[in-house]
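A quick write-up on the structure given underneath.
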Amino acid sequence: MRLVQPLLLLWTFLASYVLADDAPTSKVQYNYQVRVSLVNLNCELNIPKSDVSRLRKIVINSLYSHKEIFLRELISNANDALEKLRLTSLTDRSIWDGSDHLNITIQAFKDEAGNGGRLVIADTGIGMSPEELTTNLGTLAKSGTSDFLSQAEGGDQTSTGNLIGAFGLGFYSSFLVADRVEVASVPPKTARNPNPIQHVFSSSADDSTFEVYPDPRGNTLGRGTEITLFLKPDAQEYLDETTLSALVHKHSAFSSAFPIYLFERWTEEVPDESQIVSEHGVEKEIEPTSPPASESDDDEVIVEEVPKVAENIPEPPPPNMVNVTKEQWSRLNSQPSLWARDPKAITTEEYNLFYTSFFKDFSKPLAWHHFAGDAGSGVAFKALLFFPTKLGEDYWQKPLEYASKDVKLMVKRVFITSDLGENALPKWASWVKVVIDAEDLPLNVSRETLQSNKFMKQLKSIIVKRMIQLFSKISEGDDKETFDQMQETFGSVLKLGAVEDTKNRVKLASLARFTTNQRNNTSFDQYLENRKKGQNQIFYLAEMGKEVKELAQSVFIEKLHARGYEVLLLTEPLDEILIGNLREWKGVSFQDVAKAGLKFGDEGNEIEQQKELEEKFKPLIEWLKNESNDAVRDVILSNRLVRSPCAIVADQYGYTANVQKMMSASNAKGNRGVLHDYAMKAKILEINPHSPLIAGLLRRVQGLPIGEEKDLDAEEELKEVTSILIDGALVRSGFGVPDNNKFFSRVDRVLRRSLGVSESATIEETVKPAPPPEKDFTVEPPALHFNGESENGKPEVILPDSMKDKVGFFWFLFYSCSNEATGFNRDGRG
């Protein structure tokens, strides 16, 4: 990892020590001094001793935004100590021959009085001499890892290392949670130092000095380092094993290739297994239930008496239960970093187990993609990408609040962030679960944020690209079950992606599948392969909320279906939005069959026949135009109807019934202008010249007397029939009728005439009147009401005495409906 050089300042603490005693067991106290190195200037600024502690606090608290980071930093330091021991042993087997285990341990000690506690993090790594304790821990921004890498530069052994530290600041995060820190450390035995002595570094968060001295306990570690944190009163939560385990799993579960162990204690209630004691306090000897085997001749028959079963034997009393404290060392990082392994050597079961434990999703993943690459900016990475079996409820229910939580960015297996900021994944892809482990990134000193956004922008494109590749692989594969599950879970997501992601619109739209009047799961490419000769459009019909079977019976596709044309049946709101954004597919435009201007591409002689029919039905067309001024803009002969007498279609620039429903569902209000009003009214009535009903209506229109011989009753009846015909066409075409009451009144009259019932016949009213008013009636106060404003200017809530015990619940309801919570005023209006 690169060491990022500040542009202006580099803070370093130089240890200048004062010997307090010449004895080898005495404590040596060091006073901190601060040297400020300015760019292109050689000068030193002496900071007073009283300000050193305050300066150190400012530096520490400005680096880390969360206290919990301290555990990640200390585990990373421990990992580096173990890794340095392993790498050094490659050339010097004397310091470690592999006979003992390398590990990291975490142990919490609670104070019995509850006033505090200690947290101990230890490793069996390279350890430190007293000089290294003074230099590495007593100097801010002094990185032992960086020094080690510099010394080993060019050596082959560093290529396999996982050294994390680079800034020399991780240790100081201890003071976020600890009042005092003690570090005991001892280096391994070498030829130069066959008997190393264990030393202790001790420092307080408020002190401007630290001490280094031989450990009075002797060499308790054998080799390695032990950090003891004396926790602050507000940091007692880090004594809880569950909290510690969760933090390790969050930040460091994969950061170390060495085992991380947590010492756990818990209490269980178990039966008391102590010996049975008699009433006199003497232990009873339990007699055997059966006599010992006889030593007589084997041929002798042994007769055993079956004891009689005593009646009404009381059940034995339940055993006494006692609390037993149990304890054990539990490994927290037993699961390997799967993404760093060869995909060919990983089984499906291992992928499933990793997905379940890492992302806490207890259903198996639908699919996964294991890959590695280079971001193009010199950043190499390895990654694992998973598709869940189902999406969370919040994805569709709370689209504005939904944010990606499962993109885990790591650097050398140390968790960095799940927040990609302004480079977050688009809405359609935000549900994906990904682990990306980069080998090197320009992090800031706290390792919480990136100093460059270039890789983040690349990361977004990388994830989206791999997602599309995985979708394509499933679509082209032979696993029908996985493909069907993908379409059920992500069918709408792919359409949303094609609408939202203009860069990848064509790729995502090609993965979308639709139902047609002939088959299921049809892509745009498959549709084009099934085009008829001369067909220059992709026919589609959209009506959200309808079943596909019902849509297949629509009046709009009667002739298309009869002639064998394929029509996309779109039932989701996103479908028509997607079509509107695409406009065409591979040069072939889309044609909404619910709009006027339907063409098949092989009309030919039908044009002449259509002209003859228009001349024949001209009287009826004129009649319908006069009677349907308010409902439709024009009346024409239809070339799409087979069985139905008529239908209402939208004009070329008008709104179809489906578009009007979507606009109503969006609750959009306000005046949208003249074009909107035109589009709402731009409807055309198409009549089927081959329908017997239309032919009969033509005869009735042609048979109406004109001039002085007008038959007003016959004309009125014909008008009524015409109105029912038009209203019925509106309903069948998905529109609403202008006046429901008038429509059903006309239907009622027609039904009466067909049944021979008088139109003037009335219904006998048998409604019983309500009783007279009650004279002595006391109005009970409402269960919950407002009583103006209180002294502080806020509305008061008055509860009756019978409900005061439920005040908490009603206060919750009141708050939920208040102005602060939902935006409602006190009078209930928005």
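Chains: A, B, ... in order of the structure tokens. Residues: from 1 per chain. Ligands: from 1, in order shown.
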
I want to know what sits within 8 Å of Ile636 (chain A), based on only C-alpha atoms, with residues of the same chain fewer than 3 positions away left out; could you give that as a list in words?
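That gives Ile621, Ile684, Leu685, Glu686 and Ile687 of chain A.
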
Write out, as a PDB file, in the first residue's frame, the residues just selected, with all heavy atoms.
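What landed in again27.pdb:
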ATOM      1  N   ILE A 621     -71.931   6.506 -40.579  1.00  0.00           N
ATOM      2  CA  ILE A 621     -70.771   7.235 -40.039  1.00  0.00           C
ATOM      3  C   ILE A 621     -71.162   8.662 -39.688  1.00  0.00           C
ATOM      4  O   ILE A 621     -70.789   9.179 -38.632  1.00  0.00           O
ATOM      5  CB  ILE A 621     -69.614   7.201 -41.067  1.00  0.00           C
ATOM      6  CG1 ILE A 621     -69.052   5.773 -41.199  1.00  0.00           C
ATOM      7  CG2 ILE A 621     -68.501   8.178 -40.660  1.00  0.00           C
ATOM      8  CD1 ILE A 621     -68.006   5.621 -42.285  1.00  0.00           C
ATOM      9  N   ILE A 684     -60.976   7.736 -31.314  1.00  0.00           N
ATOM     10  CA  ILE A 684     -61.646   7.448 -32.585  1.00  0.00           C
ATOM     11  C   ILE A 684     -62.512   6.205 -32.416  1.00  0.00           C
ATOM     12  O   ILE A 684     -62.064   5.198 -31.856  1.00  0.00           O
ATOM     13  CB  ILE A 684     -60.613   7.237 -33.707  1.00  0.00           C
ATOM     14  CG1 ILE A 684     -59.831   8.534 -33.942  1.00  0.00           C
ATOM     15  CG2 ILE A 684     -61.289   6.774 -34.993  1.00  0.00           C
ATOM     16  CD1 ILE A 684     -58.723   8.386 -34.969  1.00  0.00           C
ATOM     17  N   LEU A 685     -63.749   6.305 -32.907  1.00  0.00           N
ATOM     18  CA  LEU A 685     -64.653   5.149 -32.893  1.00  0.00           C
ATOM     19  C   LEU A 685     -64.490   4.396 -34.208  1.00  0.00           C
ATOM     20  O   LEU A 685     -64.708   4.951 -35.278  1.00  0.00           O
ATOM     21  CB  LEU A 685     -66.105   5.614 -32.724  1.00  0.00           C
ATOM     22  CG  LEU A 685     -67.177   4.528 -32.857  1.00  0.00           C
ATOM     23  CD1 LEU A 685     -67.038   3.465 -31.771  1.00  0.00           C
ATOM     24  CD2 LEU A 685     -68.583   5.148 -32.824  1.00  0.00           C
ATOM     25  N   GLU A 686     -64.064   3.140 -34.079  1.00  0.00           N
ATOM     26  CA  GLU A 686     -63.949   2.283 -35.258  1.00  0.00           C
ATOM     27  C   GLU A 686     -65.115   1.296 -35.262  1.00  0.00           C
ATOM     28  O   GLU A 686     -65.374   0.638 -34.249  1.00  0.00           O
ATOM     29  CB  GLU A 686     -62.611   1.515 -35.250  1.00  0.00           C
ATOM     30  CG  GLU A 686     -61.395   2.395 -35.472  1.00  0.00           C
ATOM     31  CD  GLU A 686     -60.132   1.565 -35.706  1.00  0.00           C
ATOM     32  OE1 GLU A 686     -60.229   0.320 -35.701  1.00  0.00           O
ATOM     33  OE2 GLU A 686     -59.052   2.161 -35.908  1.00  0.00           O
ATOM     34  N   ILE A 687     -65.828   1.203 -36.416  1.00  0.00           N
ATOM     35  CA  ILE A 687     -66.949   0.273 -36.516  1.00  0.00           C
ATOM     36  C   ILE A 687     -66.605  -0.838 -37.507  1.00  0.00           C
ATOM     37  O   ILE A 687     -65.870  -0.635 -38.465  1.00  0.00           O
ATOM     38  CB  ILE A 687     -68.247   0.993 -36.959  1.00  0.00           C
ATOM     39  CG1 ILE A 687     -68.044   1.689 -38.311  1.00  0.00           C
ATOM     40  CG2 ILE A 687     -68.690   1.993 -35.898  1.00  0.00           C
ATOM     41  CD1 ILE A 687     -69.316   2.311 -38.862  1.00  0.00           C
TER      42      ILE A 687
END

Could you pull out the residues in region 529-680 of chain A that DSSP calls strand (DSSP E or B) from the backbone, as a list in words?
Gln537, Ile538, Phe539, Tyr540, Leu541, Ala542, Leu568, Leu569, Leu570, Glu584, Trp585, Val588, Ser589, Phe590, Gln591, Asp592, Lys595, Asp634, Val635, Ile636, Leu637, Cys646, Ala647, Ile648, Val649 and Ala650 of chain A

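Residue nearest Gln487 (chain A) within the list A:Arg513, A:Lys533, A:Lys710, A:Lys742: A:Arg513 [criterion: smallest interatomic distance, only C-alpha atoms].
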
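Considering the residues A:Glu720, A:Asp206, A:Glu132, A:Asp440 and counting only C-alpha atoms, Ser185 (chain A) has its shortest atom-to-atom contact with A:Glu132.
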
What does the distance from CA of Val642 (chain A) to CA of Asn658 (chain A) come to in Å, to one decimal?
22.4 Å

Quick one: residues within 12 Å of Ser461 (chain A), only C-alpha atoms, excluding same-chain residues fewer than 3 positions away - as a list in words?
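Once the nearby chain positions are removed, what remains is Ala375, Gly376, Asn423, Ala424, Leu425, Pro426, Ala429, Lys454, Phe455, Met456, Lys457, Gln458, Val464, Lys465, Arg466, Met467, Ile468, Asp501, Lys503 and Asn504 of chain A.
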
Distance in Å - CA of Ser203 (chain A) versus CA of Glu182 (chain A):
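Separation of CA of Ser203 (chain A) and CA of Glu182 (chain A): 6.6 Å.
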
Mind the document's chain letters and residue numbers, and return as a ChimeraX atom specification the residues of region 500-658 of chain A that DSSP labels helix (DSSP H, G or I).
/A:500,505-511,524-529,548-551,555-563,573-582,606-616,618-627,657-658
